[in-house]
Structure formats: structure tokens, C-alpha cells
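First up is the structure itself, then whatever we jot down about it.
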Amino acid sequence: ENYAALEILNHYLRDVVGTASADPAEKVEMRPEDMHPFILFGSSFPKDKEYTQVCRNINQIKICMETGRTVILLNLENLYESLYDVLNQYYIYHGGSRYVDLGLQTHRVKCRVHENFKLILIAEKSTVYEKFPTPLINRLEKHFVLTSSVLVDWQQEVLEQLQNWTHQFSCVSRFKEGNAFVGYQKDTPAAVVFQATIQLQDMIKGEYFKDLEGLKQASVLGNIPLEELVEEEENSDVWKQAVLQLSQCLLLQTASPDAFVRLENTPLADQQAVLLKLYNDVQHHTSLEDFLQHHLSQSGLQGGLLLQVTTHSHLLSGEEVEQLGDVLGYRDHISWFLLQEFDTELDFFNKVSPAFQRDQVGSQDSLLIIQCDSGDSDGDLIACARYRIYDEGVKSIKQNIILECEGSTHVLFVIHLPQQSVGSSFVGFQGDPWVSAHIDDLRHINSDTVTLSEAMNMPISHLFISPDSELEGSHESEQTFTETAATKESLAEVEVEEMQADETMDDNIETSDPHVHGSDMEHHVPPPEGPIEESMEQGQASEKPVEEMSQYLSEHVREQAEPMMDSSIAEQPQLETSDQQSAQPHFQPEPKTLKKSGYYLRLHGCIQAAASRLQDSAKNKERATDRVKLLVELIPRSPAVNLDESTFHGTLVTHIHQLLKERESIRQDEKNWVLNEALSAKKLQSGGTFRNVIARKLRDVIIPIFAEIIALIDHNYNLDLVDPKTHDTPVTQFWLAMFRNPQVMHFSYADMSVREQVPGVGGRLAEEEFRCQLPFSWLVREAFEAQWDSAKSVAGNKTAQLYRQLYTLISETSIGSVLESVDEVYCEEFFQRYLHDFVRSVHKCNHKISDHTDMEYRLIEKALSDLTHSTEDFASIDGHESLTRRIAAVHVIHHTYQSHLFWFGQLTSHMPGVMVTLDSDNSEKMLLPLYAVERALEMLKPQEPLKKDESALRDWLNRLRLSQNAIESIMNLPFQRETAGKARLQWQLIRALQMFVEQVVLKYEGMEVYARRLEMYLMSDPDFLKASTINKVKKHLNSMDSELEKKKLKG
């Protein structure tokens, strides 16, 4: 069916002609007929299809024929023509020996044939049916070999149970066995049962029970006493159970981690935690380093270990291989190659053979790593290299015996398989002597790596930052756990919790010391019923003799089950309920650091993705680059595990953590987020390793939240106010005090519209972009505006009382506490910074020239500042000078004179020239708008426009119409009527001239002289409320009428 059945033949051939079951150390001299069968796998190296390679293969077969060594040919269709006489057994007898012709194209070579020589051709069924010529098939003694066909009846029963278990383990939704077990083929379960039987037989013979650690690695027997296995027949129920347990363990070696997550939707859901613990802690699938350390430490084979590891992750780099050698203790005795770098099998042999020569590598063990990319498409190439390595290993054993050398060469094949390799012809389980395993991700787990066990048992918020953290520099504990009302949990739930605790402990050990691996299985829980669970308990008892293991496990587990349940509940942290108080940040906060680990350590890597979601305006494209540079400086690439919450990075992590927890309380569908990822074939395909799939999910959740936070804290270039080099500046300390206070920032996931594009600078409030000078000034302004109605309802329109009430209300808020913490030394500076931002937020300028805009803002700032400092209503309260007081005064003044500033802006937008010589000095009243009107009236004096120039007249009239509404509104404002008398008279003069020009001058020619005469009449007294002024205008009009009549009569 496929090459998985090859080991069946190999096993039986060794029993007949080989020495696999004998101790090689007892054979000092190995006769040729005692050699292992020679497997000649047709080379699939690119340049091995040439005639030269055919000659090499024929020569190797010739040697085996002469020495009597059995030859197994695979993948050598181009060689069968040269073996025509051999396949026909057309021998020539001479001198008591047999000879046969070997053909090399037109050349014939005679070769002696040993009596023990056997030639076996092995090919896949599909190849024989489709490619082999009929005459060739007829020459051969044909056998169709399936692993299942060599199993006896009791093994067939075990096979059926294993297939049912495999189906239950794998088949969820559209997922099949090939998705759960990497390299799974139809014949794989039978091969596993056959291999398990052989291993169990060897165990009984004493091959594997040299120490308890070997028993632990086998993870078999469970509560079945060893004496019972020895005494029972192989077809007994005890043997069947033991073989089934070991078969499950061997098959789990090739399982993918996402399959364990999908167990939740299978009949094996109650075994999920136990199976996963077996997978990670006993079989060591967490990383290649962990896997190798475990197997190399248990190696007792003279020829060394033969390991085949499949992976969905990237292959190891040269630097990573060197680091692996340092950790394993093979620094100077490790070599590695990429299989695709060889053109011929000879090149491959010349590279790897020195690793097996003891005279070159010495007496110390060595490690040879061979990596292969795209293993699904290079199956024949891998098989060729694998059998070549095996043959070199056999030679190495012989060499060590002859030379009496110590040391072994361990070989590791690392084969990368893409996720879409399901359904390919690649065989994941090779059988003895190869140890086959799948390690989804080769890299070691770091403190920022989310393990599968953690992901399955924790929400994303806890994966982002671990909840069970200690506080340094503080006696308070972070409240991350809540006590549930139901304290009486089932025994199965307690078991899962204890296993999670053990896994967390193991992960922490691995993080702190990469040389420490394995798990101290000191905590035992009653196992669920089933073969694997029983084997788990056997692996946990690593300190007791084999004879006492069953009794020890049964007694020890029962003794600890109840106390462990009670202690797990008793030790659960209690929720401390307390009222939320307003934060009291100071510029010298006591450092609070949290001993934490989690995905937050990778937050630096999320900067680019989060910042790219912010969409800045067309005129501010450079902000995207500047923002990323700032964040790169503020968020460390490799932060300390101890999270300092007084820093920008620590506070940012805290806010994201809180938003993640809120998200989980809102979105109930996220409870099974890991299962959803494992059930998504598309995500598994794109993610590669399941560890990467989990990491991508975390990024997909965290990055949008991160982007929303950035958009808020960088409103109006707010991030520019943080000094990334030092946090000692007053502005930076104020920035962090605001950012650190959760009541001030008040991030809410429910209010966040998580989106692909987030408005950047100035987009939050749809305001005009400007560079703020006080951190989070818009939040301060919003806080004061939120309290305005409450203050006014109490104080009414009385300025002093309104100011005091507003100050009192703000002081009781979180923002007020931050403002009050500002030292009096910095109050004036911070007030001016706020005034800068406040004016630009509430006052809109419509100037086309930026200089005019800046000039208008400065005038308003000075006017507001003067009123704040000069008015007695805003005197300090209780002698306390604070930033809160001054900001409260500004808000009271602005609300009082809001209409003044509005009409002032309207006037300056039409006549920006009024600001050039405008003096903003004023005392108790907002006189700035009136000063602007006076300047405007001076500019509107009818001098040039009254000349004989129609365009100038029309321009003058247009300016009058645009500014008319603003001028009249300003003069009618409260506080302005008393001081606007002179300006009002001048405005009446201009309005009278305006009407005369519109009604007379522009309609009739030569009327400009009468307009100038009217101006002269009104210059002395333009007050139209007086009868004398009306009489003057009447007299002027009558005089004009008489003159025009005379001109008409003359004309």
C-alpha cells in the first residue's frame, strides 16, 4: 500500500538473516551473512538519474550478491532491466559456485551469487499497477504486504479499538485522521500496533526497563502490574490493554496540537486535559530542545538514536542549531545540513559519513541534524536519505565493536510540512528503529509565548498579561481572580485546575532556566477511566521501584484526591471588594512593578500594525511616521518581565488588559476562542503552526484596541509631550499621571468602534488640528464642561459663586485630583499651556493666512488671561493657588463672554487687518471686540471710495455688508453699550454714507461730490437720534435737489 509496511519486512528479515534481536556487543566479529538487509532506495537527488549512478547501484548489488547480504530495492525502476538474468534466476554454475550476468547497457558483467543472497523488490501498489511492465511482474514472486495482514487475531482486535479511538480523536466537522495525526496513512494504525507489540515484548525481556525513566517515557502499563504482564499470555486482555495504551502513546507522538483543542467536540472531551498533559509533559512536544533533551538523556542504544521530527514551523537557522548544541552539550559535536543542498547521493554520503566515524568525532556522542523543506513533495528524497543514514548507523555499530570505541551518533531528521500536506503520500510514522514525532513549533517557549495549555484554559486578557502576579513595592494585590458562588466543584474540574497549575509551574521553570526540563509530577489526581489515563499515572510515579508502582499509585492517588480538592478551593484568592476611589496621582509616584509575563512582552512588535490603522489627514501625512518613531521609543523592544506600571509602557499594558477583560464580558462567543481557531481550516492553513495561529488571534484582538488607544492619546499631537528619554520633566509626569488614572482616561470597549481605519490627529472631536501644549487638555475641558450645568443650577448667574461651585465640583473628580497635584511653581506655566489649547478648541478662526490665525488666538489668550488675573471674583480660594482654580476661572469667563468672542471672530474673519495694530490690554471687561470694531470703523472711513471709481465704491460697500452684522452685534452686546457710544456714532455716519452711495451715487453720474458734502455735514455730529442731525441731512438733500434742478434747466 505504501512504504509504511517496509519495517514489517525488515523486522522479519532480521529475525531470519539479521542480528537485530541479538546483543551486538556479544559479536566481536560479524560475518557477512549476519549483516542487516541492505536497503537500496533509488536516489531522488536531482543529478542521480544519470548512467554513473546506475553503475554505482549495480556495484552495490554486486557486492551484496557476493557476500550473501539480502538486498531490498525500492524506487529503482530504471535498474530492473540490468537485473534481467538475476530476476529470472538464470544462473551459471562453475566450480561449485553460482554466477549471473549483470547488464550495463551493452556491457555484461558476471558476478558470483552467494547461497544466502536474496533480492526483494518493493514498490507501492499504484506504481506496480501503473508503471511496471507485465513481463517484470511475471518474473517475481508477488506478495501484497499490508501491516494489518501480518497482525494476529488478538492484534486485530487491538487494531479495531485503536481505529475507533483514532476516529473519535480526529473526526470533528470536516477534519479527519490526517488532520490530527501528521503523515497519517491508511496503514498507520496497523503499523503502530505492530510496533507497540514489539516494544512491549522487548520491555518484558528487560530491554526497556533498565530504569523507571524509561518506563515513564513509554507511558504505558498504567495500573497494570509488570508481574501480571510477564505471567499473562500475549492474547490476554491484560496484554491487549497494554498494547492499546502503548499504541495510543505512539500515535499521539505524531499528533498536531490543534487536534487536542478539537477534542472538546468529540466523545473524548473528558480526556482532553490528561491527553494534553501526556503530550506536553511526558512526550515533550513543547519544543525541539525539550524533545531532544528528554530523548538524548534516555538514550542507551549503542548505535545512537534515529529521530524523525515533522514540523509546520520554519526550519532551524545555523545560529539556532549552534544554540541548540550549546544547550544540549554538543557544542563541538553537532553538524547540520539541508537535504536539498545536495545534488547527488554521493555528495550526501560524503557529508554525513564523517559524523559516524569515531576516529574523527572521538568517543563523545555527536548529533547530526538533517533538515528538509517541503517534505510532502520530497518523500522519496527523504526516504532515500533516511535509509542511507540507517545503513551508515549499522556500519558505525560494527566499527565501534571492532575498534572498541565509545560514543554514538544520534541522527535527527527535521522535516517541514505545510498544512496542506494532508492527503499526501508522506508517512509520518516510520516504526522501529526510528522515533517519529511531530513538533508543531521547533522554537523554545519564551515568557512572551502563549502555550497551548494556557490558551485553552485562560481568556485572552490573562494571556496578554498573567493574572497570578506578585506586587513589588506595594502591599496590595492585583485583583484578578473572583470567587465563584459554587465552591463545590466536581472532581474532574479540580483535576483540570491542578493540571493547569502544574503546566504553569513547568512553563515558569523552562522560562527561567533553559537547561531545566520535564515536569515534577508530585501532584496526583484520580485519572478518568481509559487506557491513556492509566498510563499517565504510571509515568508520574518516577521515584518508586517497578514492583511497587501499581500499589503506590493506587494508594497515593486516593490519599491526595480529597485534600487537593479542598486545598485548591481554600487557596483560591478572595475578591477584595472596595469602593472605587478617585486616583491621586503625584509627580513622584511610588514605583509599583508587577511580576508578570505574557503576550504584552510582544507589544513592541504590534506598533506598526496598530499605527497603520490610524488615518491622518492629507495635510498631515508625515504624522504617521513620527507617531511610529515615538511609540518605538516609548515601548521597549525587550521589556523586563517585571512590569513597571508607573511608565508609559506599563500603563498602556494595564489599559489594554482592562479593555480585554471588558471585551470578554461583552462578547460571550469568545469563551471558546481557541476551539474556534482550531475548527477554522483557513486560519490553520494561513497560520502554519498552531502556536502562530494563537498568536495571530491575539494580535487580531489586541491591535485594534491598541490602535484605538493610540488614536485617543495622540489627539492633537498629544504624544509629542512625552519625553521618551526621561520621565522626570513636569509635563511628562503630568502626562503619565493623567494616562495612569483609569477614571480620567475611562477607556471603554463598549464605546470603542473597532474599525479598520481610525481617525488620527484631530479626528476624535472633529476639531481643527493643532499641537496641544498641555497633556490631555481636551479631557480637562470636557470635564469642566460636564460640570457646568450642575454648577450653574446651584450658583445661578453670579460669577463669583459660579466660579467657586465649579471649582468645588471639579476638585471632587479624578481630573481635579490630578490638576490639584500640580505644584504651584508650575501652575502658571501649565495654565498658559491649557489656555493655548482651550482657545484653539472653542474658538474657530477662518483665516486663510496662518499668521492671522495665530495673531487672533494670541489676542484672545491674552484677553482671557488678563481677566483671570485681574478680576476679584476669581481670587484664590482659601489662599490656595492651584491650576484647577485658574482653569475654572477661564471657563467662567468664556461662558460669560462667549458671544463676544464669537462676533469678534466673525469680524476678524472678514477684516483680518484690524488685528495688526490691535491692543489687547483691558481691565475688568471684555473690551477686545469693541477695540476691533473701532479699528474696523477706522478702516471703513469713506475716503478713497468716494472718489470717481465705481469698483472702489463697490468694494467698500461689500466690506460694509460683510462686517455689518458683526459690528452691530458687538455694539449691542452686554458690557459694550456703555463704552460703545463713540463707535456707534461713527458707525451711523458710515451707514448713512452707505445708503447714499447705494441709492444715489451708483445710480447717477457725478454724485460723488454730494456724498463728500454729506460726510462733511455729519462729521461734527452724526447722532441720528438728534433732530439737528436729521435737519442737516434734510437740508443737504434739499440743497442737492435744487442744484440738480438748476443743472437740468440749464442743460
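How things are named: the first chain in the C-alpha cells is A, the next is B, and so on; residues count from 1 in each chain; ligands count from 1 in the order shown.
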Set the distance at 8 Å and use only C-alpha atoms: which residues neighbour Thr732 in chain A once local chain neighbours fewer than 4 positions away are removed? I'd like the list as a list in words.
Leu721, Val722, Asp723, His727, Asp728 and Leu736 of chain A
Saved selection, atoms kept: all heavy atoms, as a PDB file, in the first residue's frame:
```pdb
ATOM      1  N   LEU A 721       4.260  65.335  23.730  1.00  0.00           N
ATOM      2  CA  LEU A 721       4.542  65.927  25.035  1.00  0.00           C
ATOM      3  C   LEU A 721       5.211  64.948  25.993  1.00  0.00           C
ATOM      4  O   LEU A 721       5.602  65.332  27.090  1.00  0.00           O
ATOM      5  CB  LEU A 721       3.246  66.446  25.665  1.00  0.00           C
ATOM      6  CG  LEU A 721       2.508  67.526  24.861  1.00  0.00           C
ATOM      7  CD1 LEU A 721       1.212  67.897  25.550  1.00  0.00           C
ATOM      8  CD2 LEU A 721       3.393  68.756  24.689  1.00  0.00           C
ATOM      9  N   VAL A 722       5.321  63.676  25.599  1.00  0.00           N
ATOM     10  CA  VAL A 722       6.004  62.687  26.442  1.00  0.00           C
ATOM     11  C   VAL A 722       7.466  62.644  26.056  1.00  0.00           C
ATOM     12  O   VAL A 722       7.811  62.499  24.881  1.00  0.00           O
ATOM     13  CB  VAL A 722       5.383  61.284  26.268  1.00  0.00           C
ATOM     14  CG1 VAL A 722       6.001  60.307  27.250  1.00  0.00           C
ATOM     15  CG2 VAL A 722       3.891  61.339  26.456  1.00  0.00           C
ATOM     16  N   ASP A 723       8.310  62.765  27.048  1.00  0.00           N
ATOM     17  CA  ASP A 723       9.740  62.664  26.815  1.00  0.00           C
ATOM     18  C   ASP A 723      10.136  61.192  26.914  1.00  0.00           C
ATOM     19  O   ASP A 723      10.087  60.608  27.999  1.00  0.00           O
ATOM     20  CB  ASP A 723      10.514  63.473  27.855  1.00  0.00           C
ATOM     21  CG  ASP A 723      11.994  63.586  27.505  1.00  0.00           C
ATOM     22  OD1 ASP A 723      12.473  62.786  26.678  1.00  0.00           O
ATOM     23  OD2 ASP A 723      12.673  64.474  28.053  1.00  0.00           O
ATOM     24  N   HIS A 727      11.350  60.518  32.396  1.00  0.00           N
ATOM     25  CA  HIS A 727      10.006  60.829  32.879  1.00  0.00           C
ATOM     26  C   HIS A 727      10.048  61.864  33.997  1.00  0.00           C
ATOM     27  O   HIS A 727       9.064  62.030  34.727  1.00  0.00           O
ATOM     28  CB  HIS A 727       9.324  59.551  33.388  1.00  0.00           C
ATOM     29  CG  HIS A 727       9.000  58.565  32.302  1.00  0.00           C
ATOM     30  ND1 HIS A 727       9.034  58.899  30.961  1.00  0.00           N
ATOM     31  CD2 HIS A 727       8.622  57.254  32.344  1.00  0.00           C
ATOM     32  CE1 HIS A 727       8.706  57.850  30.241  1.00  0.00           C
ATOM     33  NE2 HIS A 727       8.449  56.836  31.051  1.00  0.00           N
ATOM     34  N   ASP A 728      11.160  62.568  34.117  1.00  0.00           N
ATOM     35  CA  ASP A 728      11.334  63.494  35.234  1.00  0.00           C
ATOM     36  C   ASP A 728      10.824  64.893  34.941  1.00  0.00           C
ATOM     37  O   ASP A 728      10.724  65.711  35.854  1.00  0.00           O
ATOM     38  CB  ASP A 728      12.816  63.569  35.636  1.00  0.00           C
ATOM     39  CG  ASP A 728      13.313  62.234  36.171  1.00  0.00           C
ATOM     40  OD1 ASP A 728      12.474  61.457  36.666  1.00  0.00           O
ATOM     41  OD2 ASP A 728      14.526  61.968  36.092  1.00  0.00           O
ATOM     42  N   LEU A 736       1.789  61.346  32.306  1.00  0.00           N
ATOM     43  CA  LEU A 736       1.650  59.987  32.825  1.00  0.00           C
ATOM     44  C   LEU A 736       0.622  59.912  33.945  1.00  0.00           C
ATOM     45  O   LEU A 736      -0.076  58.903  34.096  1.00  0.00           O
ATOM     46  CB  LEU A 736       3.010  59.494  33.316  1.00  0.00           C
ATOM     47  CG  LEU A 736       4.074  59.287  32.228  1.00  0.00           C
ATOM     48  CD1 LEU A 736       5.403  58.906  32.846  1.00  0.00           C
ATOM     49  CD2 LEU A 736       3.624  58.218  31.235  1.00  0.00           C
TER      50      LEU A 736
END
```
Would you please extract all strand (DSSP E or B) residues from range 30-94 of chain A, as assigned by DSSP on the backbone, and give them as a short mmCIF file (atom, residue, chain, number, x, y, z; two decimals) with N, CA, C and O atoms, in the first residue's frame?
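Output file selection05.cif is given in full below:
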```cif
data_model
loop_
_atom_site.label_atom_id
_atom_site.label_comp_id
_atom_site.auth_asym_id
_atom_site.auth_seq_id
_atom_site.Cartn_x
_atom_site.Cartn_y
_atom_site.Cartn_z
N PHE A 38 20.39 -5.04 3.26
CA PHE A 38 20.84 -3.77 2.68
C PHE A 38 19.68 -3.19 1.88
O PHE A 38 19.18 -3.81 0.94
N ILE A 39 19.26 -2.04 2.28
CA ILE A 39 18.14 -1.36 1.61
C ILE A 39 18.72 -0.36 0.63
O ILE A 39 19.41 0.58 1.02
N LEU A 40 18.46 -0.57 -0.62
CA LEU A 40 18.93 0.35 -1.66
C LEU A 40 17.72 1.10 -2.18
O LEU A 40 16.91 0.59 -2.94
N PHE A 41 17.62 2.31 -1.73
CA PHE A 41 16.49 3.17 -2.11
C PHE A 41 16.95 4.03 -3.28
O PHE A 41 17.95 4.73 -3.19
N VAL A 71 19.29 -7.92 -0.30
CA VAL A 71 19.13 -6.59 -0.88
C VAL A 71 17.64 -6.31 -1.06
O VAL A 71 16.90 -7.15 -1.58
N ILE A 72 17.26 -5.14 -0.61
CA ILE A 72 15.88 -4.67 -0.81
C ILE A 72 15.96 -3.46 -1.72
O ILE A 72 16.61 -2.46 -1.41
N LEU A 73 15.28 -3.54 -2.86
CA LEU A 73 15.30 -2.46 -3.85
C LEU A 73 13.98 -1.69 -3.80
O LEU A 73 12.90 -2.29 -3.83
N LEU A 74 14.13 -0.39 -3.72
CA LEU A 74 12.96 0.49 -3.74
C LEU A 74 13.23 1.66 -4.68
O LEU A 74 14.36 2.18 -4.73
N ILE A 92 24.63 -19.49 -13.83
CA ILE A 92 25.64 -20.35 -14.44
C ILE A 92 26.47 -20.94 -13.31
O ILE A 92 26.98 -20.20 -12.46
N TYR A 93 26.59 -22.25 -13.25
CA TYR A 93 27.30 -22.93 -12.19
C TYR A 93 28.70 -23.28 -12.65
O TYR A 93 28.89 -23.86 -13.71
N HIS A 94 29.67 -22.93 -11.83
CA HIS A 94 31.06 -23.23 -12.17
C HIS A 94 31.86 -23.38 -10.87
O HIS A 94 31.84 -22.46 -10.02
#
```
Contacts of range 339-349 of chain A within 10 Å, only C-alpha atoms, excl. fewer than 3 positions in-chain, as JSON, numbers by chain
{"A": [42, 43, 44, 45, 46, 47, 48, 49, 53, 56, 336, 352, 353, 354, 369, 370, 371, 372, 373, 374, 378, 381, 382, 384, 385, 388, 389, 392, 413, 414, 415]}
Grab the residues selected above and save them as a short mmCIF file (atom, residue, chain, number, x, y, z; two decimals), in the first residue's frame with N, CA, C and O atoms.
```
data_model
loop_
_atom_site.label_atom_id
_atom_site.label_comp_id
_atom_site.auth_asym_id
_atom_site.auth_seq_id
_atom_site.Cartn_x
_atom_site.Cartn_y
_atom_site.Cartn_z
N GLY A 42 16.21 3.95 -4.36
CA GLY A 42 16.60 4.71 -5.54
C GLY A 42 16.73 6.18 -5.25
O GLY A 42 15.84 6.80 -4.67
N SER A 43 17.86 6.72 -5.62
CA SER A 43 18.14 8.11 -5.28
C SER A 43 17.18 9.05 -6.01
O SER A 43 16.90 8.89 -7.19
N SER A 44 16.71 10.04 -5.24
CA SER A 44 15.87 11.08 -5.82
C SER A 44 16.58 12.42 -5.84
O SER A 44 15.95 13.46 -6.04
N PHE A 45 17.90 12.40 -5.61
CA PHE A 45 18.67 13.63 -5.73
C PHE A 45 18.67 14.07 -7.20
O PHE A 45 18.62 13.24 -8.12
N PRO A 46 18.74 15.37 -7.44
CA PRO A 46 18.49 15.88 -8.80
C PRO A 46 19.37 15.28 -9.88
O PRO A 46 18.90 15.01 -10.98
N LYS A 47 20.65 15.05 -9.57
CA LYS A 47 21.59 14.62 -10.62
C LYS A 47 21.93 13.14 -10.54
O LYS A 47 22.93 12.70 -11.08
N ASP A 48 21.07 12.37 -9.86
CA ASP A 48 21.35 10.94 -9.72
C ASP A 48 20.55 10.10 -10.71
O ASP A 48 20.38 8.90 -10.51
N LYS A 49 20.08 10.68 -11.77
CA LYS A 49 19.35 9.93 -12.79
C LYS A 49 20.28 9.54 -13.94
O LYS A 49 19.84 8.98 -14.94
N GLN A 53 25.27 6.84 -11.81
CA GLN A 53 24.60 6.38 -10.60
C GLN A 53 24.08 4.96 -10.78
O GLN A 53 24.10 4.16 -9.84
N ARG A 56 26.89 2.73 -10.03
CA ARG A 56 27.14 2.63 -8.59
C ARG A 56 26.16 1.68 -7.93
O ARG A 56 26.54 0.86 -7.08
N TRP A 336 24.99 19.95 10.86
CA TRP A 336 23.66 20.01 10.26
C TRP A 336 23.75 20.35 8.79
O TRP A 336 24.68 21.02 8.34
N VAL A 352 27.80 13.28 5.32
CA VAL A 352 27.29 12.73 6.57
C VAL A 352 28.15 11.60 7.12
O VAL A 352 28.14 11.35 8.34
N SER A 353 28.90 10.91 6.27
CA SER A 353 29.67 9.76 6.77
C SER A 353 30.70 10.12 7.83
O SER A 353 30.92 9.32 8.76
N PRO A 354 31.37 11.30 7.77
CA PRO A 354 32.32 11.61 8.85
C PRO A 354 31.68 11.66 10.23
O PRO A 354 32.37 11.43 11.23
N ILE A 369 22.06 16.66 12.37
CA ILE A 369 20.73 17.17 12.06
C ILE A 369 20.62 17.36 10.55
O ILE A 369 21.43 18.08 9.95
N ILE A 370 19.62 16.73 9.98
CA ILE A 370 19.36 16.86 8.54
C ILE A 370 17.97 17.46 8.40
O ILE A 370 16.98 16.89 8.87
N GLN A 371 17.89 18.61 7.77
CA GLN A 371 16.63 19.31 7.61
C GLN A 371 16.15 19.23 6.17
O GLN A 371 16.97 19.22 5.23
N CYS A 372 14.86 19.18 6.02
CA CYS A 372 14.27 19.09 4.69
C CYS A 372 13.04 19.98 4.62
O CYS A 372 12.17 19.91 5.48
N ASP A 373 13.00 20.82 3.61
CA ASP A 373 11.85 21.68 3.39
C ASP A 373 10.90 21.00 2.41
O ASP A 373 11.31 20.20 1.57
N SER A 374 9.62 21.30 2.53
CA SER A 374 8.58 20.74 1.64
C SER A 374 8.66 19.22 1.61
O SER A 374 8.81 18.59 0.56
N ASP A 378 8.89 15.86 -1.34
CA ASP A 378 10.20 15.21 -1.43
C ASP A 378 10.23 13.93 -0.60
O ASP A 378 11.23 13.61 0.04
N LEU A 381 12.96 11.51 -1.71
CA LEU A 381 14.29 12.01 -1.35
C LEU A 381 14.56 11.78 0.14
O LEU A 381 15.66 11.36 0.53
N ILE A 382 13.56 12.03 0.98
CA ILE A 382 13.74 11.83 2.42
C ILE A 382 13.94 10.35 2.73
O ILE A 382 14.80 9.98 3.53
N CYS A 384 15.14 8.05 0.78
CA CYS A 384 16.49 7.66 0.33
C CYS A 384 17.54 8.05 1.36
O CYS A 384 18.40 7.24 1.73
N ALA A 385 17.47 9.29 1.83
CA ALA A 385 18.44 9.75 2.82
C ALA A 385 18.28 9.00 4.14
O ALA A 385 19.28 8.67 4.81
N ARG A 388 19.78 5.56 3.84
CA ARG A 388 21.24 5.68 3.74
C ARG A 388 21.84 5.95 5.12
O ARG A 388 22.88 5.38 5.47
N ILE A 389 21.18 6.78 5.89
CA ILE A 389 21.63 7.06 7.26
C ILE A 389 21.56 5.80 8.10
O ILE A 389 22.46 5.50 8.89
N GLU A 392 24.46 3.59 7.38
CA GLU A 392 25.69 4.10 7.99
C GLU A 392 25.69 3.84 9.49
O GLU A 392 26.75 3.58 10.08
N PHE A 413 16.19 13.89 11.76
CA PHE A 413 15.61 14.45 10.54
C PHE A 413 14.53 15.45 10.96
O PHE A 413 13.59 15.08 11.69
N VAL A 414 14.66 16.68 10.52
CA VAL A 414 13.64 17.71 10.76
C VAL A 414 12.98 18.01 9.42
O VAL A 414 13.64 18.53 8.50
N ILE A 415 11.73 17.68 9.30
CA ILE A 415 11.02 17.75 8.02
C ILE A 415 9.89 18.76 8.14
O ILE A 415 8.99 18.61 8.98
#
```
Using only C-alpha atoms, determine which residues lie at most 12 Å from Gln156 in chain A, disregarding the query and same-chain residues fewer than 4 positions distant; provide the list as a PyMOL selection string.
chain A and resi 147-152+160-163+189-194+197+235+240+243-244
Which residues come within 10 Å of range 856-858 of chain A, counting only C-alpha atoms, excluding same-chain residues fewer than 4 positions away, as a count of residues only?
24
What is the CA of Arg1012 in chain A to CA of Leu993 in chain A distance in Å?
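For CA of Arg1012 in chain A relative to CA of Leu993 in chain A, the distance reads 8.8 Å.
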Run DSSP on the backbone and grab whatever in range 129-323 of chain A lands in helix (DSSP H, G or I); send it over as JSON, numbers by chain.
{"A": [129, 130, 131, 134, 135, 136, 137, 138, 139, 147, 148, 149, 150, 153, 154, 155, 156, 157, 158, 159, 160, 161, 162, 163, 164, 165, 166, 167, 168, 169, 170, 177, 178, 179, 180, 188, 189, 190, 191, 192, 193, 194, 195, 196, 197, 198, 199, 200, 201, 202, 203, 204, 212, 213, 214, 215, 216, 217, 218, 226, 227, 228, 229, 230, 231, 237, 238, 239, 240, 241, 242, 243, 244, 245, 246, 247, 248, 249, 250, 251, 252, 257, 258, 259, 260, 261, 262, 263, 264, 265, 269, 270, 271, 272, 273, 274, 275, 276, 277, 278, 279, 280, 281, 282, 288, 289, 290, 291, 292, 293, 294, 295, 296, 297, 298, 318, 319, 320, 321, 322, 323]}
Coordinates-based distance that separates CA of Ala259 in chain A from CA of Lys277 in chain A (Å, one decimal)
13.7 Å
